[in-house]
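Structure data (compact mmCIF, C-alpha atoms and all ligand atoms) from work-v4.txt:
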```
# COMPACT_ATOMS: atom_id res chain seq x y z
CA ILE G 16 -81.01 65.43 -3.09
CA LEU G 17 -77.84 63.40 -2.56
CA ALA G 18 -74.74 64.61 -4.35
CA GLU G 19 -71.13 63.56 -4.31
CA GLY G 20 -68.45 66.24 -4.11
CA ASP G 21 -64.65 66.15 -3.91
CA ASP G 22 -64.88 66.76 -0.17
CA GLY G 23 -67.66 64.38 0.75
CA LEU G 24 -71.33 63.55 0.45
CA TYR G 25 -73.89 66.36 0.32
CA ILE G 26 -77.48 66.09 1.47
CA ILE G 27 -79.42 68.96 -0.06
CA ASP G 28 -82.90 70.21 0.79
CA GLN G 29 -84.58 70.84 -2.57
CA HIS G 30 -86.92 73.55 -1.28
CA THR G 31 -84.39 75.72 0.55
CA ALA G 32 -81.83 75.23 -2.25
CA HIS G 33 -84.31 76.36 -4.90
CA GLU G 34 -85.44 79.17 -2.61
CA ARG G 35 -81.88 80.51 -2.31
CA ILE G 36 -81.51 80.53 -6.11
CA ASN G 37 -84.87 82.26 -6.68
CA TYR G 38 -84.18 84.74 -3.88
CA GLU G 39 -80.88 85.90 -5.38
CA LYS G 40 -82.46 86.31 -8.82
CA MET G 41 -85.43 88.23 -7.40
CA ARG G 42 -83.18 90.41 -5.27
CA ARG G 43 -81.14 91.43 -8.33
CA ARG G 44 -84.33 92.20 -10.24
CA LEU G 45 -85.65 94.43 -7.44
CA GLU G 46 -82.35 96.28 -7.28
CA SER G 47 -82.36 96.86 -11.06
CA LEU G 48 -85.86 98.38 -10.90
CA ARG G 49 -85.04 100.65 -7.97
CA GLY G 50 -86.64 104.09 -8.21
CA GLN G 51 -88.98 103.18 -11.07
CA ARG G 52 -92.77 103.21 -10.94
CA GLN G 53 -95.77 101.93 -12.87
CA ALA G 54 -99.20 103.58 -13.02
CA LEU G 55 -102.15 101.67 -11.61
CA LEU G 56 -104.91 101.23 -14.16
CA HIS G 57 -107.39 101.64 -11.30
CA PRO G 58 -105.86 103.89 -8.65
CA LEU G 59 -106.39 102.59 -5.17
CA THR G 60 -108.37 104.71 -2.72
CA VAL G 61 -107.54 104.04 0.92
CA ASP G 62 -109.63 105.22 3.86
CA CYS G 63 -107.59 106.11 6.91
CA LEU G 64 -107.44 108.15 10.07
CA PRO G 65 -106.43 111.83 9.77
CA ASP G 66 -103.18 110.99 11.61
CA GLU G 67 -102.25 108.39 9.09
CA LEU G 68 -103.08 110.76 6.25
CA SER G 69 -100.73 113.41 7.58
CA GLN G 70 -98.04 110.77 7.99
CA VAL G 71 -98.47 109.69 4.37
CA LEU G 72 -98.29 113.28 3.14
CA GLU G 73 -95.26 114.05 5.28
CA GLN G 74 -93.41 111.06 3.92
CA ALA G 75 -94.53 111.48 0.32
CA ASP G 76 -90.90 111.83 -0.84
CA GLU G 77 -89.76 108.60 0.82
CA LEU G 78 -92.79 106.82 -0.59
CA LEU G 79 -92.08 108.17 -4.05
CA GLU G 80 -88.50 106.99 -3.85
CA SER G 81 -89.80 103.54 -2.93
CA GLY G 82 -92.09 103.57 -5.94
CA PHE G 83 -95.40 104.79 -4.52
CA LEU G 84 -97.03 107.93 -5.90
CA ILE G 85 -99.70 108.87 -3.36
CA GLU G 86 -101.97 111.92 -3.21
CA GLU G 87 -104.40 113.34 -0.71
CA PHE G 88 -108.02 112.38 -1.41
CA GLY G 89 -110.36 114.15 0.96
CA PRO G 90 -109.82 114.60 4.71
CA THR G 91 -109.66 110.89 5.60
CA SER G 92 -108.43 109.09 2.54
CA TYR G 93 -105.57 109.00 0.09
CA ILE G 94 -105.15 107.64 -3.40
CA VAL G 95 -102.33 105.42 -4.62
CA ARG G 96 -101.68 106.21 -8.28
CA GLU G 97 -98.37 104.50 -8.96
CA ILE G 98 -96.67 101.45 -7.46
CA PRO G 99 -93.22 99.85 -7.82
CA PRO G 100 -92.78 98.01 -11.14
CA TYR G 101 -91.94 94.70 -9.47
CA LEU G 102 -95.48 94.37 -8.08
CA GLU G 103 -97.42 92.38 -10.65
CA PRO G 104 -100.72 93.67 -12.00
CA GLY G 105 -103.46 92.37 -9.76
CA THR G 106 -101.30 92.42 -6.64
CA GLU G 107 -103.67 92.35 -3.68
CA GLN G 108 -104.39 95.62 -1.99
CA GLU G 109 -103.29 94.07 1.29
CA LEU G 110 -99.72 93.57 0.08
CA ILE G 111 -99.55 97.10 -1.37
CA LEU G 112 -100.73 98.57 1.94
CA HIS G 113 -98.30 96.38 3.87
CA LEU G 114 -95.37 97.72 1.84
CA ILE G 115 -96.58 101.33 2.20
CA HIS G 116 -96.74 100.89 5.97
CA ARG G 117 -93.24 99.45 6.08
CA VAL G 118 -91.97 102.56 4.28
CA LEU G 119 -93.88 104.78 6.73
CA GLU G 120 -92.27 102.90 9.61
CA GLY G 121 -88.94 103.96 8.15
CA GLU G 122 -87.84 100.57 6.90
CA GLU G 123 -84.82 100.72 4.63
CA GLN G 124 -85.36 99.83 1.01
CA ALA G 125 -82.72 97.11 1.15
CA ARG G 126 -84.57 95.35 3.99
CA LEU G 127 -87.87 95.68 2.17
CA TYR G 128 -86.34 94.09 -0.90
CA ASP G 129 -84.93 91.25 1.20
CA GLU G 130 -88.27 90.56 2.78
CA TYR G 131 -90.21 90.75 -0.45
CA ALA G 132 -87.70 88.65 -2.41
CA ALA G 133 -87.68 85.96 0.30
CA MET G 134 -91.47 85.80 0.29
CA LYS G 135 -91.68 85.57 -3.50
CA ALA G 136 -88.87 83.01 -3.62
CA CYS G 137 -90.60 80.75 -1.11
CA LYS G 138 -93.81 80.73 -3.16
CA ALA G 139 -91.99 80.13 -6.45
CA SER G 140 -89.83 77.25 -5.25
CA ILE G 141 -90.41 73.51 -5.53
CA LYS G 142 -91.84 72.00 -2.35
CA ARG G 143 -90.18 69.53 -0.08
CA ASN G 144 -92.25 66.58 -1.30
CA ASP G 145 -92.53 67.56 -4.97
CA TYR G 146 -91.24 64.97 -7.40
CA VAL G 147 -88.54 66.63 -9.50
CA SER G 148 -86.74 65.16 -12.50
CA GLY G 149 -83.01 64.49 -12.42
CA GLU G 150 -82.39 67.14 -15.04
CA ILE G 151 -84.00 69.85 -12.95
CA LEU G 152 -82.13 68.68 -9.86
CA SER G 153 -78.78 68.97 -11.65
CA GLU G 154 -79.77 72.43 -12.83
CA ILE G 155 -80.57 73.37 -9.21
CA LEU G 156 -77.21 72.07 -8.02
CA LYS G 157 -75.41 73.99 -10.74
CA GLU G 158 -77.23 77.24 -10.01
CA LEU G 159 -76.84 76.81 -6.26
CA SER G 160 -73.07 76.50 -6.65
CA GLN G 161 -73.09 79.88 -8.41
CA CYS G 162 -75.03 81.63 -5.61
CA GLU G 163 -73.41 84.26 -3.44
CA ASN G 164 -74.46 82.46 -0.29
CA PRO G 165 -75.33 78.87 -1.26
CA SER G 166 -75.38 77.35 2.20
CA ARG G 167 -78.52 79.01 3.65
CA CYS G 168 -82.00 79.91 2.43
CA PRO G 169 -83.05 83.58 2.81
CA HIS G 170 -84.74 82.68 6.12
CA GLY G 171 -81.53 81.23 7.52
CA ARG G 172 -82.26 77.54 7.18
CA PRO G 173 -79.46 75.35 5.81
CA THR G 174 -79.72 74.31 2.17
CA MET G 175 -77.29 71.44 2.58
CA LEU G 176 -75.37 69.22 4.97
CA ARG G 177 -71.96 67.79 4.22
CA ILE G 178 -70.55 64.49 5.44
CA SER G 179 -66.78 64.32 4.96
CA PRO G 180 -65.06 61.17 3.61
CA GLU G 181 -63.54 60.67 7.10
CA GLU G 182 -66.96 60.78 8.74
CA LEU G 183 -68.33 58.34 6.18
CA ASP G 184 -65.43 55.97 6.85
CA LYS G 185 -66.11 56.19 10.55
CA MET G 186 -69.81 55.49 10.06
CA PHE G 187 -68.96 52.31 8.18
CA TYR G 188 -66.23 51.32 10.68
CA ARG G 189 -63.68 51.60 7.89
CA THR G 190 -60.20 52.54 9.08
ZN ZN W 1 -89.80 78.45 1.94
ZN ZN W 2 -86.56 79.68 3.59
```

Translate this file's structure into C-alpha cells.
Ligand code: ZN
Ligand code: ZN
Amino acid sequence: ILAEGDDGLYIIDQHTAHERINYEKMRRRLESLRGQRQALLHPLTVDCLPDELSQVLEQADELLESGFLIEEFGPTSYIVREIPPYLEPGTEQELILHLIHRVLEGEEQARLYDEYAAMKACKASIKRNDYVSGEILSEILKELSQCENPSRCPHGRPTMLRISPEELDKMFYRT
C-alpha cells in the first residue's frame, strides 16, 4: 500500500499491517477472558508417562489459573475437562496439549497470550498477494494508526517504510 503522509511517502506491507491490528485486538480479548474457563463437551483423555502425570498434578493450580481443569485418570493418563474460553470449539488436541506443556514449562501467561495472539493474527490476516479493495485498505490504515505499536508486526517485521520529502527530492535530483 502506498500512502501519503505529512512527513513523506509510506510504503506499507498489507499483511504485517493487518497482522498488527488483529494481534492487538486478539491480545485484548485474551486479557479480558483471563482466569475464565469453558467445559469441554467431550473431555480429552491424554495418555502420558507417570512422570508427566505427577508434573500435571503438581501444577494443577497453575494450570487452573491458565484455564485448564485437569484431573488424574488412572496411573498413566489424565483428563482435560475445561479449557480457556478463547480456544474455539473443535480446537485440535495438538494445540491444547501444546499450551498445557507451555504452562508446565513455567511460561508466563502474558508470553503465552503473545504467542497465541500472534499465531491467530497471522492466520486471520490478508496475505501479501491478496487483492484488497481501496475501502478495506483505508480501514487498515486508519486502524493501524490507532495501534499501540503500529510500526512492527508481532513477529518484529516492519509494517511500513517511510521516505521523507527530502529523500524523495534527492531521488528525483530536485534541489
Ligand atoms: Zn504473518
Ligand atoms: Zn508477523

Legend entry - Interatomic distance, atom CA of Leu84 of chain G to atom CA of Glu97 of chain G (Å, one decimal): 4.8 Å

Set out as a tab-separated table a contact list for chain G and ligand ZN 1 (chain W) with a cut-off of 7 Å, giving each residue of chain G that qualifies its closest atom pair and distance in Å to one decimal, counting all atoms listed in the file, ordered by chain and rising residue number.
```
residue	atom	partner	partner_atom	distance
G:His30	CA	W:ZN1	ZN	6.5
G:Thr31	CA	W:ZN1	ZN	6.2
G:Glu34	CA	W:ZN1	ZN	6.3
G:Cys137	CA	W:ZN1	ZN	3.9
G:Lys138	CA	W:ZN1	ZN	6.9
```

Next, write the just-selected residues to a file, as a PDB file, in the coordinates of the input, keeping C-alpha atoms as the atom set.
```pdb
ATOM      1  CA  HIS G  30     -86.920  73.550  -1.280  1.00  0.00           C
ATOM      2  CA  THR G  31     -84.390  75.720   0.550  1.00  0.00           C
ATOM      3  CA  GLU G  34     -85.440  79.170  -2.610  1.00  0.00           C
ATOM      4  CA  CYS G 137     -90.600  80.750  -1.110  1.00  0.00           C
ATOM      5  CA  LYS G 138     -93.810  80.730  -3.160  1.00  0.00           C
TER       6      LYS G 138
END
```

Inset, instruction - Set the cut-off to 12 Å, count only C-alpha atoms and all ligand atoms, and list whatever residues fall near ligand ZN 2 (chain W) as a PyMOL selection string. - result: chain G and resi 28-38+129-130+132-143+166-174

Inset, instruction - Considering all atoms listed in the file, return as a list in words whatever protein or nucleic-acid residues lie within 12 Å of Leu24 of chain G, sequence-local ones (same chain, fewer than 3 positions apart) excluded. - result: Ile16, Leu17, Ala18, Glu19, Gly20, Asp21, Ile27, Met175, Leu176, Arg177, Ile178, Ser179, Pro180, Glu181, Glu182, Leu183 and Asp184 of chain G

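One distance worth recording is that between atom CA of Ile98 of chain G and atom CA of Glu163 of chain G, which is 29.2 Å.
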
Inset, instruction - Find the residue from G:Cys63, G:Leu114, G:Leu152, G:Ile26 that sits nearest to Phe83 of chain G; use all atoms listed in the file when measuring. - result: G:Leu114

Inset, instruction - May I ask which of the residues G:Gln53, G:Gln74, G:Ser47, G:Thr60 is the closest one to Leu119 of chain G, counting all atoms listed in the file? - result: G:Gln74

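Here atom CA of Ser81 of chain G is placed at a distance of 22.4 Å from atom CA of Leu64 of chain G.
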